[in-house]
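Source file run.pdb; content: PDB, C-alpha atoms, pLDDT in the B column.
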```
ATOM      1  CA  MET A  27       0.000   0.000   0.000  1.00 71.00           C
ATOM      2  CA  LEU A  28       1.257   3.450  -0.828  1.00 81.00           C
ATOM      3  CA  MET A  29       1.575   5.786   2.123  1.00 86.00           C
ATOM      4  CA  PRO A  30       1.039   9.536   1.903  1.00 91.00           C
ATOM      5  CA  HIS A  31       3.924  11.843   2.654  1.00 94.00           C
ATOM      6  CA  PRO A  32       3.864  12.784   6.355  1.00 95.00           C
ATOM      7  CA  ALA A  33       3.552  16.507   5.549  1.00 95.00           C
ATOM      8  CA  VAL A  34       0.476  15.860   3.399  1.00 95.00           C
ATOM      9  CA  LEU A  35      -1.038  13.587   6.017  1.00 96.00           C
ATOM     10  CA  ARG A  36      -0.353  16.139   8.780  1.00 97.00           C
ATOM     11  CA  LYS A  37      -2.084  18.844   6.733  1.00 97.00           C
ATOM     12  CA  LEU A  38      -5.164  16.656   6.179  1.00 97.00           C
ATOM     13  CA  VAL A  39      -5.423  15.807   9.882  1.00 97.00           C
ATOM     14  CA  ASP A  40      -4.909  19.430  10.949  1.00 97.00           C
ATOM     15  CA  GLU A  41      -7.495  20.769   8.489  1.00 96.00           C
ATOM     16  CA  TYR A  42     -10.062  18.138   9.465  1.00 96.00           C
ATOM     17  CA  GLU A  43      -9.573  18.751  13.184  1.00 95.00           C
ATOM     18  CA  ALA A  44      -9.725  22.536  12.724  1.00 94.00           C
ATOM     19  CA  LEU A  45     -13.067  22.225  10.924  1.00 93.00           C
ATOM     20  CA  ARG A  46     -14.413  19.947  13.637  1.00 91.00           C
ATOM     21  CA  GLU A  47     -13.278  22.342  16.381  1.00 91.00           C
ATOM     22  CA  SER A  48     -14.867  25.286  14.575  1.00 90.00           C
ATOM     23  CA  GLY A  49     -18.243  23.610  14.927  1.00 86.00           C
ATOM     24  CA  ALA A  50     -18.652  23.031  11.201  1.00 79.00           C
ATOM     25  CA  GLY A  51     -19.431  19.382  11.864  1.00 76.00           C
ATOM     26  CA  ASP A  52     -19.313  16.380   9.590  1.00 78.00           C
ATOM     27  CA  ARG A  53     -22.034  17.767   7.330  1.00 83.00           C
ATOM     28  CA  HIS A  54     -19.840  20.573   6.079  1.00 89.00           C
ATOM     29  CA  PRO A  55     -18.786  19.729   2.499  1.00 93.00           C
ATOM     30  CA  GLN A  56     -15.109  20.380   3.182  1.00 94.00           C
ATOM     31  CA  ALA A  57     -15.216  18.168   6.301  1.00 93.00           C
ATOM     32  CA  ARG A  58     -16.781  15.363   4.249  1.00 95.00           C
ATOM     33  CA  ASP A  59     -14.107  15.783   1.567  1.00 96.00           C
ATOM     34  CA  LEU A  60     -11.310  15.730   4.138  1.00 97.00           C
ATOM     35  CA  ALA A  61     -12.801  12.681   5.878  1.00 96.00           C
ATOM     36  CA  TYR A  62     -13.012  10.851   2.546  1.00 97.00           C
ATOM     37  CA  THR A  63      -9.425  11.791   1.648  1.00 97.00           C
ATOM     38  CA  LEU A  64      -8.165  10.677   5.065  1.00 97.00           C
ATOM     39  CA  CYS A  65      -9.939   7.344   4.673  1.00 97.00           C
ATOM     40  CA  VAL A  66      -8.549   6.774   1.180  1.00 96.00           C
ATOM     41  CA  SER A  67      -5.072   7.859   2.281  1.00 96.00           C
ATOM     42  CA  THR A  68      -5.026   5.455   5.217  1.00 96.00           C
ATOM     43  CA  GLY A  69      -6.928   2.555   3.664  1.00 96.00           C
ATOM     44  CA  THR A  70      -9.765   2.780   6.170  1.00 96.00           C
ATOM     45  CA  ARG A  71     -13.522   3.253   5.872  1.00 96.00           C
ATOM     46  CA  ASP A  72     -14.274   5.310   8.956  1.00 97.00           C
ATOM     47  CA  VAL A  73     -12.819   8.730   9.714  1.00 96.00           C
ATOM     48  CA  ARG A  74     -12.172   7.772  13.356  1.00 97.00           C
ATOM     49  CA  HIS A  75     -10.026   4.864  12.218  1.00 98.00           C
ATOM     50  CA  ALA A  76      -8.422   7.066   9.585  1.00 97.00           C
ATOM     51  CA  LEU A  77      -7.405   9.612  12.231  1.00 97.00           C
ATOM     52  CA  GLU A  78      -6.025   6.874  14.513  1.00 97.00           C
ATOM     53  CA  THR A  79      -4.042   5.371  11.655  1.00 97.00           C
ATOM     54  CA  ALA A  80      -2.804   8.773  10.494  1.00 97.00           C
ATOM     55  CA  ARG A  81      -1.601   9.646  13.998  1.00 96.00           C
ATOM     56  CA  GLN A  82       0.214   6.311  14.301  1.00 96.00           C
ATOM     57  CA  TRP A  83       1.917   6.839  10.941  1.00 95.00           C
ATOM     58  CA  LEU A  84       2.847  10.415  11.825  1.00 96.00           C
ATOM     59  CA  ASP A  85       4.304   9.291  15.153  1.00 95.00           C
ATOM     60  CA  ALA A  86       6.298   6.578  13.399  1.00 94.00           C
ATOM     61  CA  ALA A  87       7.542   9.016  10.744  1.00 93.00           C
ATOM     62  CA  SER A  88       8.554  11.500  13.428  1.00 91.00           C
ATOM     63  CA  ALA A  89      10.409   8.815  15.378  1.00 90.00           C
ATOM     64  CA  ALA A  90      12.170   7.575  12.233  1.00 86.00           C
ATOM     65  CA  ASP A  91      13.145  11.124  11.306  1.00 81.00           C
ATOM     66  CA  ALA A  92      14.507  11.771  14.791  1.00 81.00           C
ATOM     67  CA  ALA A  93      16.428   8.487  14.734  1.00 79.00           C
ATOM     68  CA  GLY A  94      17.853   9.366  11.310  1.00 74.00           C
ATOM     69  CA  ARG A  95      19.008  12.764  12.521  1.00 68.00           C
ATOM     70  CA  HIS A  96      20.567  11.136  15.581  1.00 54.00           C
ATOM     71  CA  THR A  97      22.374   8.542  13.471  1.00 50.00           C
ATOM     72  CA  ASP A  98      23.699  11.230  11.120  1.00 49.00           C
ATOM     73  CA  ALA A  99      24.825  13.376  14.037  1.00 48.00           C
ATOM     74  CA  VAL A 100      26.652  10.461  15.635  1.00 48.00           C
ATOM     75  CA  ALA A 101      28.363   9.667  12.334  1.00 51.00           C
ATOM     76  CA  GLY A 102      29.373  13.307  11.959  1.00 51.00           C
ATOM     77  CA  ARG A 103      27.320  13.891   8.828  1.00 52.00           C
ATOM     78  CA  HIS A 104      25.576  17.143   8.011  1.00 48.00           C
ATOM     79  CA  THR A 105      22.178  16.656   6.494  1.00 50.00           C
ATOM     80  CA  GLU A 106      20.431  19.916   7.285  1.00 52.00           C
ATOM     81  CA  ASP A 107      21.675  21.748   4.206  1.00 52.00           C
ATOM     82  CA  GLY A 108      22.212  18.933   1.750  1.00 49.00           C
ATOM     83  CA  PRO A 109      21.365  15.402   0.774  1.00 53.00           C
ATOM     84  CA  ARG A 110      21.939  12.503   3.116  1.00 53.00           C
ATOM     85  CA  VAL A 111      25.239  10.755   2.737  1.00 48.00           C
ATOM     86  CA  TYR A 112      25.162   6.993   2.992  1.00 49.00           C
ATOM     87  CA  ALA A 113      28.419   5.128   3.500  1.00 44.00           C
TER
END
```
Starting from the file, lay out its structure as C-alpha cells.
Amino acid sequence: MLMPHPAVLRKLVDEYEALRESGAGDRHPQARDLAYTLCVSTGTRDVRHALETARQWLDAASAADAAGRHTDAVAGRHTEDGPRVYA
C-alpha cells in the first residue's frame, strides 16, 4: 500500500480537526471531503479509524526522522543543508 507523505497527512489531519473544532461538523462539504481523503489515504472506511491510523503513521515518521538525525549526528554527517550521505 502506498503511504502519503507525512507533511500531506499532517495537513489533512490538521485541516479536518480545525473544521471539527470550529463547529462546522461532519455535514460541512469540506469536512466530508477531508474525511473521505483521510480514509482513502489510510486505507480505512471510517474517519475515526483514519485519524487513529494517520496519527500512528505520523508518530512513526517522526520517530524515524529523529532516529535518522541522531544517526547522522553520531556519524558526523551534516544533512540539514544537503542530501543525506550513505556510507
Once the PyMOL selection byres ((chain A and resi 58-60) around 12) has been evaluated on this model, what residues remain selected, and can you format them as a tab-separated table (two decimals) with C-alpha atoms, keeping the file's coordinate frame?
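Final output, part.tsv:
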```tsv
chain	number	residue	atom	x	y	z
A	34	VAL	CA	0.48	15.86	3.40
A	35	LEU	CA	-1.04	13.59	6.02
A	36	ARG	CA	-0.35	16.14	8.78
A	37	LYS	CA	-2.08	18.84	6.73
A	38	LEU	CA	-5.16	16.66	6.18
A	39	VAL	CA	-5.42	15.81	9.88
A	40	ASP	CA	-4.91	19.43	10.95
A	41	GLU	CA	-7.50	20.77	8.49
A	42	TYR	CA	-10.06	18.14	9.46
A	43	GLU	CA	-9.57	18.75	13.18
A	44	ALA	CA	-9.72	22.54	12.72
A	45	LEU	CA	-13.07	22.22	10.92
A	46	ARG	CA	-14.41	19.95	13.64
A	50	ALA	CA	-18.65	23.03	11.20
A	51	GLY	CA	-19.43	19.38	11.86
A	52	ASP	CA	-19.31	16.38	9.59
A	53	ARG	CA	-22.03	17.77	7.33
A	54	HIS	CA	-19.84	20.57	6.08
A	55	PRO	CA	-18.79	19.73	2.50
A	56	GLN	CA	-15.11	20.38	3.18
A	57	ALA	CA	-15.22	18.17	6.30
A	61	ALA	CA	-12.80	12.68	5.88
A	62	TYR	CA	-13.01	10.85	2.55
A	63	THR	CA	-9.43	11.79	1.65
A	64	LEU	CA	-8.16	10.68	5.07
A	65	CYS	CA	-9.94	7.34	4.67
A	66	VAL	CA	-8.55	6.77	1.18
A	67	SER	CA	-5.07	7.86	2.28
A	72	ASP	CA	-14.27	5.31	8.96
A	73	VAL	CA	-12.82	8.73	9.71
A	76	ALA	CA	-8.42	7.07	9.59
A	77	LEU	CA	-7.40	9.61	12.23
```
Exercise. What gap, in Å, lies between CA of Ala33 (chain A) and CA of Ser48 (chain A)?
Worked result: 22.3 Å
For this session: Pick out the residues sitting within 9 Å of Thr68 (chain A), and hand them over as a PyMOL selection string; count all atoms listed in the file, and ignore anything fewer than 6 positions along from it in its own chain.
Result: chain A and resi 28-30+75-77+79-80
I need the residues from that last selection saved to file as a PDB file, in the coordinates of the input (with C-alpha atoms), if you can.
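Output file selection-v3.pdb is given in full below:
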```pdb
ATOM      1  CA  LEU A  28       1.257   3.450  -0.828  1.00 81.00           C
ATOM      2  CA  MET A  29       1.575   5.786   2.123  1.00 86.00           C
ATOM      3  CA  PRO A  30       1.039   9.536   1.903  1.00 91.00           C
ATOM      4  CA  HIS A  75     -10.026   4.864  12.218  1.00 98.00           C
ATOM      5  CA  ALA A  76      -8.422   7.066   9.585  1.00 97.00           C
ATOM      6  CA  LEU A  77      -7.405   9.612  12.231  1.00 97.00           C
ATOM      7  CA  THR A  79      -4.042   5.371  11.655  1.00 97.00           C
ATOM      8  CA  ALA A  80      -2.804   8.773  10.494  1.00 97.00           C
TER       9      ALA A  80
END
```
Problem set entry | CA of Pro32 (chain A) to CA of Ser88 (chain A), distance in Å rounded to a single decimal | 8.6 Å
Problem set entry | Atom-to-atom span, CA of Asp91 (chain A) and CA of Arg74 (chain A), Å |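 Computing it gives 25.6 Å between the two atoms.
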